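Colleague: Here you go, one structure.
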Amino acid sequence: MTATDLHYNGKHLFWFGVGNFKKTKEFAATSGMTNHQTADEQGERDRGPIPEGQYKFFINNAGTAHVVDPSDDNFTLDTRQGIESLEDMKDDQGHTFNSSAWGKNRVRLNLIMLSHPNPKTSQRGGFYLHDSHKGFTHGCIEVDTAFFKRLRIFATEQAKHKNGKKFLTLLVKYPTADASTRGATAK
């Protein structure tokens, strides 16, 4: 198992001291749809919280997300790695989009290992950390915007060093089998 930089426990995202950020920082965080925000629903596709396990995400600046399919109400975005801005996104025709469902920032999570693999949790994926303020997700982790401010500073700092970190690891571990995954992210 890879060393862990961050931990999501259902209500908070903890970032352990790394780089010039030596102290652990806590951010409000939420995962899962309303009425499906408990750890025992992590196998519920598009409704339950992110499955327990270990993930990693790249901390390069990936610029502004690109709208690849504007045809539906939620429009489809690219799946690039790294930290993406979600403000004034463009499609191939140059139309501009913004999304309160996603917020202003996101970073794609890549599965390293599930803690409890089964047919339901193993078929889920496409998770992100993002900073909307809805108080629910389809399985991603919605996190306080302050997280992305700190992440961007950290990424810039690491990019200056030849041996700087290229990615961070995240452990998703709920305290109990029926723990709530509704943090204080709704505004």
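Residue numbering restarts at 1 for every chain of the structure tokens, chains are lettered A, B, ... in their displayed order, and ligands are numbered from 1 as they appear.
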Hey, what's within 8 Å of range 34-48 of chain A if we count only C-alpha atoms and toss same-chain stuff fewer than 2 positions away? As a short mmCIF file (atom, residue, chain, number, x, y, z; two decimals) with N, CA, C and O atoms, in the first residue's frame, please?

Modeller:
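Saved file part_16.cif follows:
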data_model
loop_
_atom_site.label_atom_id
_atom_site.label_comp_id
_atom_site.auth_asym_id
_atom_site.auth_seq_id
_atom_site.Cartn_x
_atom_site.Cartn_y
_atom_site.Cartn_z
N GLY A 10 -15.77 10.60 5.35
CA GLY A 10 -17.21 10.73 5.19
C GLY A 10 -17.71 12.14 5.43
O GLY A 10 -18.69 12.55 4.83
N SER A 31 -19.98 13.11 0.13
CA SER A 31 -20.05 12.19 -1.00
C SER A 31 -21.38 11.46 -0.99
O SER A 31 -21.87 11.06 0.06
N GLY A 32 -21.97 11.29 -2.16
CA GLY A 32 -23.24 10.57 -2.31
C GLY A 32 -24.43 11.50 -2.46
O GLY A 32 -24.37 12.69 -2.11
N ILE A 50 -18.37 7.54 -2.56
CA ILE A 50 -17.19 6.91 -3.14
C ILE A 50 -16.82 5.65 -2.34
O ILE A 50 -16.87 5.66 -1.11
N PRO A 51 -16.49 4.55 -3.01
CA PRO A 51 -16.09 3.33 -2.30
C PRO A 51 -14.79 3.50 -1.51
O PRO A 51 -13.88 4.22 -1.93
N GLU A 52 -14.73 2.80 -0.39
CA GLU A 52 -13.51 2.81 0.42
C GLU A 52 -12.35 2.22 -0.38
O GLU A 52 -12.51 1.24 -1.11
N LYS A 120 -20.37 -4.70 -7.09
CA LYS A 120 -20.95 -3.35 -7.12
C LYS A 120 -19.90 -2.25 -7.02
O LYS A 120 -19.91 -1.30 -7.79
N THR A 121 -18.98 -2.36 -6.07
CA THR A 121 -17.98 -1.30 -5.91
C THR A 121 -16.94 -1.35 -7.03
O THR A 121 -16.43 -0.32 -7.44
N ARG A 124 -17.71 0.77 -10.21
CA ARG A 124 -17.86 2.23 -10.09
C ARG A 124 -16.53 2.91 -10.42
O ARG A 124 -15.48 2.36 -10.20
N GLY A 135 -24.02 20.00 -1.51
CA GLY A 135 -24.26 19.13 -0.37
C GLY A 135 -24.53 17.69 -0.77
O GLY A 135 -24.93 16.88 0.05
N PHE A 136 -24.28 17.35 -2.03
CA PHE A 136 -24.42 15.97 -2.51
C PHE A 136 -23.60 15.80 -3.79
O PHE A 136 -23.23 16.77 -4.43
N THR A 137 -23.34 14.53 -4.13
CA THR A 137 -22.63 14.19 -5.36
C THR A 137 -23.20 12.87 -5.89
O THR A 137 -23.97 12.21 -5.22
N HIS A 138 -22.74 12.48 -7.06
CA HIS A 138 -23.10 11.17 -7.63
C HIS A 138 -22.04 10.13 -7.27
O HIS A 138 -21.98 9.08 -7.90
N GLY A 139 -21.20 10.43 -6.31
CA GLY A 139 -20.14 9.52 -5.88
C GLY A 139 -18.79 10.19 -5.75
O GLY A 139 -17.89 9.66 -5.12
N TYR A 174 -14.21 4.94 6.00
CA TYR A 174 -15.29 5.42 6.85
C TYR A 174 -15.14 4.81 8.25
O TYR A 174 -14.70 3.67 8.38
N THR A 176 -17.35 3.73 10.44
CA THR A 176 -18.23 2.58 10.68
C THR A 176 -18.91 2.21 9.37
O THR A 176 -18.92 2.99 8.41
N ALA A 177 -19.51 1.04 9.33
CA ALA A 177 -20.16 0.56 8.11
C ALA A 177 -21.36 1.42 7.70
O ALA A 177 -21.74 1.43 6.54
N ASP A 178 -21.94 2.12 8.67
CA ASP A 178 -23.12 2.95 8.34
C ASP A 178 -22.86 4.45 8.60
O ASP A 178 -23.79 5.23 8.75
N ALA A 179 -21.59 4.83 8.58
CA ALA A 179 -21.21 6.24 8.84
C ALA A 179 -21.83 7.16 7.80
O ALA A 179 -21.97 6.81 6.63
N SER A 180 -22.16 8.35 8.24
CA SER A 180 -22.69 9.38 7.34
C SER A 180 -21.56 9.90 6.45
O SER A 180 -20.42 10.00 6.87
N THR A 181 -21.92 10.21 5.20
CA THR A 181 -20.97 10.82 4.27
C THR A 181 -21.45 12.20 3.87
O THR A 181 -21.09 12.71 2.81
N ARG A 182 -22.26 12.81 4.70
CA ARG A 182 -22.76 14.15 4.44
C ARG A 182 -22.01 15.13 5.33
O ARG A 182 -22.30 15.27 6.51
#

Colleague: Using DSSP on the backbone coordinates, identify the residues of chain A assigned to helix (DSSP H, G or I); present them as a list in words.

Modeller: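 After running DSSP on the backbone, chain A has helix (DSSP H, G or I) at Ala39, Asp40, Glu41, Pro119, Lys120, Thr121, Ser122, Thr145, Ala146, Phe147, Phe148, Lys149, Arg150, Leu151, Arg152, Ile153, Phe154, Ala155, Thr156, Glu157, Gln158 and Ala159 of chain A.
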
Colleague: Enumerate as a PyMOL selection string all residues of chain A assigned to strand (DSSP E or B) by DSSP on the backbone, naming them with the chain letters and numbers the document uses.

Modeller: chain A and resi 6-8+12-15+18+21+25-30+38+53-58+61-69+76-77+83-90+96-97+105-108+110-114+128-130+141-143+167-172+180

Colleague: Just the residues within 9 Å of Lys104 in chain A, please, counting only C-alpha atoms, with nothing from its chain fewer than 5 positions along; format it as a list in words.

Modeller: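 The neighbour list is Glu84, Ser85, Leu86, Glu87, Asn98, Ser99, His130, Asp131, Ser132 and Thr145 of chain A.
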
Colleague: For a quick check of understanding, using only C-alpha atoms, which of A:Phe27, A:Glu157, A:Leu114, A:Val143 has the smallest distance to Phe14 in chain A?

Modeller: A:Phe27

Colleague: Please provide as a PyMOL selection string all residues within 7 Å of range 167-169 of chain A, with the sequence filter that same-chain residues fewer than 3 positions apart are discarded (counting only C-alpha atoms).

Modeller: chain A and resi 4-6+55-59

Colleague: Those selected residues, please, written with all heavy atoms and delivered as a CSV table (one decimal), in the first residue's frame.

Modeller:
chain,number,residue,atom,x,y,z
A,4,THR,N,-0.1,7.5,2.5
A,4,THR,CA,-1.3,8.3,2.3
A,4,THR,C,-1.0,9.8,2.6
A,4,THR,O,-0.4,10.1,3.7
A,4,THR,CB,-2.4,7.8,3.2
A,4,THR,OG1,-2.7,6.4,2.9
A,4,THR,CG2,-3.7,8.6,3.1
A,5,ASP,N,-1.4,10.7,1.7
A,5,ASP,CA,-1.3,12.1,1.9
A,5,ASP,C,-2.6,12.7,2.5
A,5,ASP,O,-2.5,13.7,3.2
A,5,ASP,CB,-0.9,12.8,0.6
A,5,ASP,CG,0.4,12.3,0.0
A,5,ASP,OD1,1.4,12.4,0.7
A,5,ASP,OD2,0.4,11.9,-1.1
A,6,LEU,N,-3.7,12.1,2.1
A,6,LEU,CA,-5.0,12.7,2.5
A,6,LEU,C,-5.9,11.5,2.9
A,6,LEU,O,-5.7,10.4,2.5
A,6,LEU,CB,-5.7,13.4,1.4
A,6,LEU,CG,-5.0,14.6,0.8
A,6,LEU,CD1,-4.3,14.2,-0.5
A,6,LEU,CD2,-5.9,15.8,0.6
A,55,TYR,N,-6.8,6.0,-3.5
A,55,TYR,CA,-6.8,6.6,-4.8
A,55,TYR,C,-5.6,7.5,-4.9
A,55,TYR,O,-5.0,7.9,-3.9
A,55,TYR,CB,-8.1,7.5,-5.0
A,55,TYR,CG,-9.3,6.7,-4.9
A,55,TYR,CD1,-9.9,6.3,-3.6
A,55,TYR,CD2,-10.0,6.3,-6.0
A,55,TYR,CE1,-11.0,5.6,-3.5
A,55,TYR,CE2,-11.2,5.6,-5.9
A,55,TYR,CZ,-11.7,5.3,-4.7
A,55,TYR,OH,-12.9,4.6,-4.6
A,56,LYS,N,-5.2,8.0,-6.1
A,56,LYS,CA,-4.2,9.0,-6.3
A,56,LYS,C,-4.7,10.0,-7.3
A,56,LYS,O,-5.6,9.7,-8.1
A,56,LYS,CB,-2.9,8.4,-6.7
A,56,LYS,CG,-2.8,7.9,-8.2
A,56,LYS,CD,-1.4,7.4,-8.5
A,56,LYS,CE,-1.3,6.9,-10.0
A,56,LYS,NZ,0.0,6.5,-10.3
A,57,PHE,N,-4.1,11.2,-7.2
A,57,PHE,CA,-4.5,12.2,-8.2
A,57,PHE,C,-3.2,13.1,-8.5
A,57,PHE,O,-2.4,13.3,-7.7
A,57,PHE,CB,-5.7,13.1,-7.8
A,57,PHE,CG,-5.5,13.8,-6.5
A,57,PHE,CD1,-4.9,15.1,-6.5
A,57,PHE,CD2,-5.8,13.3,-5.3
A,57,PHE,CE1,-4.8,15.8,-5.3
A,57,PHE,CE2,-5.7,13.9,-4.1
A,57,PHE,CZ,-5.2,15.2,-4.1
A,58,PHE,N,-3.1,13.4,-9.8
A,58,PHE,CA,-2.0,14.2,-10.3
A,58,PHE,C,-2.2,15.7,-9.9
A,58,PHE,O,-3.3,16.2,-10.0
A,58,PHE,CB,-1.8,14.0,-11.8
A,58,PHE,CG,-1.4,12.5,-12.0
A,58,PHE,CD1,-2.3,11.6,-12.3
A,58,PHE,CD2,0.0,12.2,-12.0
A,58,PHE,CE1,-1.9,10.3,-12.5
A,58,PHE,CE2,0.4,10.9,-12.2
A,58,PHE,CZ,-0.6,9.9,-12.5
A,59,ILE,N,-1.1,16.4,-9.6
A,59,ILE,CA,-1.2,17.7,-9.1
A,59,ILE,C,-0.7,18.8,-10.1
A,59,ILE,O,-0.4,19.9,-9.8
A,59,ILE,CB,-0.5,17.9,-7.7
A,59,ILE,CG1,0.9,17.6,-7.8
A,59,ILE,CG2,-1.3,17.1,-6.7
A,59,ILE,CD1,1.7,18.0,-6.5

Colleague: Using only C-alpha atoms, which of the listed residues (A:Ile141, A:Leu171, A:Pro117, A:Arg152) sits closest to Ala28 in chain A?

Modeller: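 Selected residue with least distance to Ala28 in chain A: A:Ile141.
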
Colleague: Between A:Tyr128, A:Phe75, A:Asp144, A:His161, which one has atoms that come closest to His12 in chain A, using only C-alpha atoms?

Modeller: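 Closest to His12 in chain A of all the choices is A:Asp144.
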
Colleague: Quick one: of A:Gln93, A:Gln54, A:Ser122, A:Asn105, who's nearest to Pro70 in chain A, counting only C-alpha atoms?

Modeller: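 Counting only C-alpha atoms, the residue closest to Pro70 in chain A is A:Gln93.
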
Colleague: Just give me the gap between CA of Met33 in chain A and CA of Pro49 in chain A in Å, one decimal is fine.

Modeller: 7.5 Å

Colleague: Using only C-alpha atoms, which protein or nucleic acid residues come within 7 Å of Asn9 in chain A? Drop anything in the same chain fewer than 4 positions from it, and give the result as an NGL selection string.

Modeller: :A and (13 or 172-175)

Colleague: Taking N, CA, C and O atoms for each residue, export the selection above as a PDB file, in the first residue's frame.

Modeller:
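Once written, again_1.pdb looks like this:
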ATOM      1  N   LEU A  13     -12.169  15.901   4.804  1.00  0.00           N
ATOM      2  CA  LEU A  13     -10.980  15.511   4.064  1.00  0.00           C
ATOM      3  C   LEU A  13      -9.803  16.058   4.866  1.00  0.00           C
ATOM      4  O   LEU A  13      -9.716  17.269   5.100  1.00  0.00           O
ATOM      5  N   VAL A 172      -9.760   6.601   1.352  1.00  0.00           N
ATOM      6  CA  VAL A 172     -11.170   6.734   1.708  1.00  0.00           C
ATOM      7  C   VAL A 172     -11.459   5.606   2.682  1.00  0.00           C
ATOM      8  O   VAL A 172     -11.374   4.428   2.337  1.00  0.00           O
ATOM      9  N   LYS A 173     -11.740   5.976   3.925  1.00  0.00           N
ATOM     10  CA  LYS A 173     -12.026   4.994   4.977  1.00  0.00           C
ATOM     11  C   LYS A 173     -13.049   5.602   5.904  1.00  0.00           C
ATOM     12  O   LYS A 173     -12.831   6.657   6.496  1.00  0.00           O
ATOM     13  N   TYR A 174     -14.207   4.938   5.995  1.00  0.00           N
ATOM     14  CA  TYR A 174     -15.290   5.417   6.852  1.00  0.00           C
ATOM     15  C   TYR A 174     -15.144   4.812   8.247  1.00  0.00           C
ATOM     16  O   TYR A 174     -14.703   3.667   8.383  1.00  0.00           O
ATOM     17  N   PRO A 175     -15.520   5.553   9.304  1.00  0.00           N
ATOM     18  CA  PRO A 175     -15.311   5.062  10.670  1.00  0.00           C
ATOM     19  C   PRO A 175     -16.167   3.851  11.028  1.00  0.00           C
ATOM     20  O   PRO A 175     -15.761   3.030  11.847  1.00  0.00           O
TER      21      PRO A 175
END

Colleague: What gap, in Å, lies between CA of Phe97 in chain A and CA of Val68 in chain A?

Modeller: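 Between CA of Phe97 in chain A and CA of Val68 in chain A the gap works out to 11.3 Å.
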
Colleague: Find the distance between CA of Ala146 in chain A and CA of Ala186 in chain A and write it in Å to one decimal.

Modeller: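 It comes out at 14.2 Å.
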
Colleague: Could you check the closest approach to Asn74 in chain A for each of A:Ala101, A:Ile153, A:Ala29, A:Cys140 and tell me which residue wins, using only C-alpha atoms?

Modeller: A:Ala101

Colleague: Mind checking which residues fall within 7 Å of Met89 in chain A, counting only C-alpha atoms, ignoring those fewer than 5 positions away in the same chain, and posting them as a list in words?

Modeller: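 My list of contacting residues is Thr64, Ala65, His66, Val67, Thr96, Phe97 and Asn98 of chain A.
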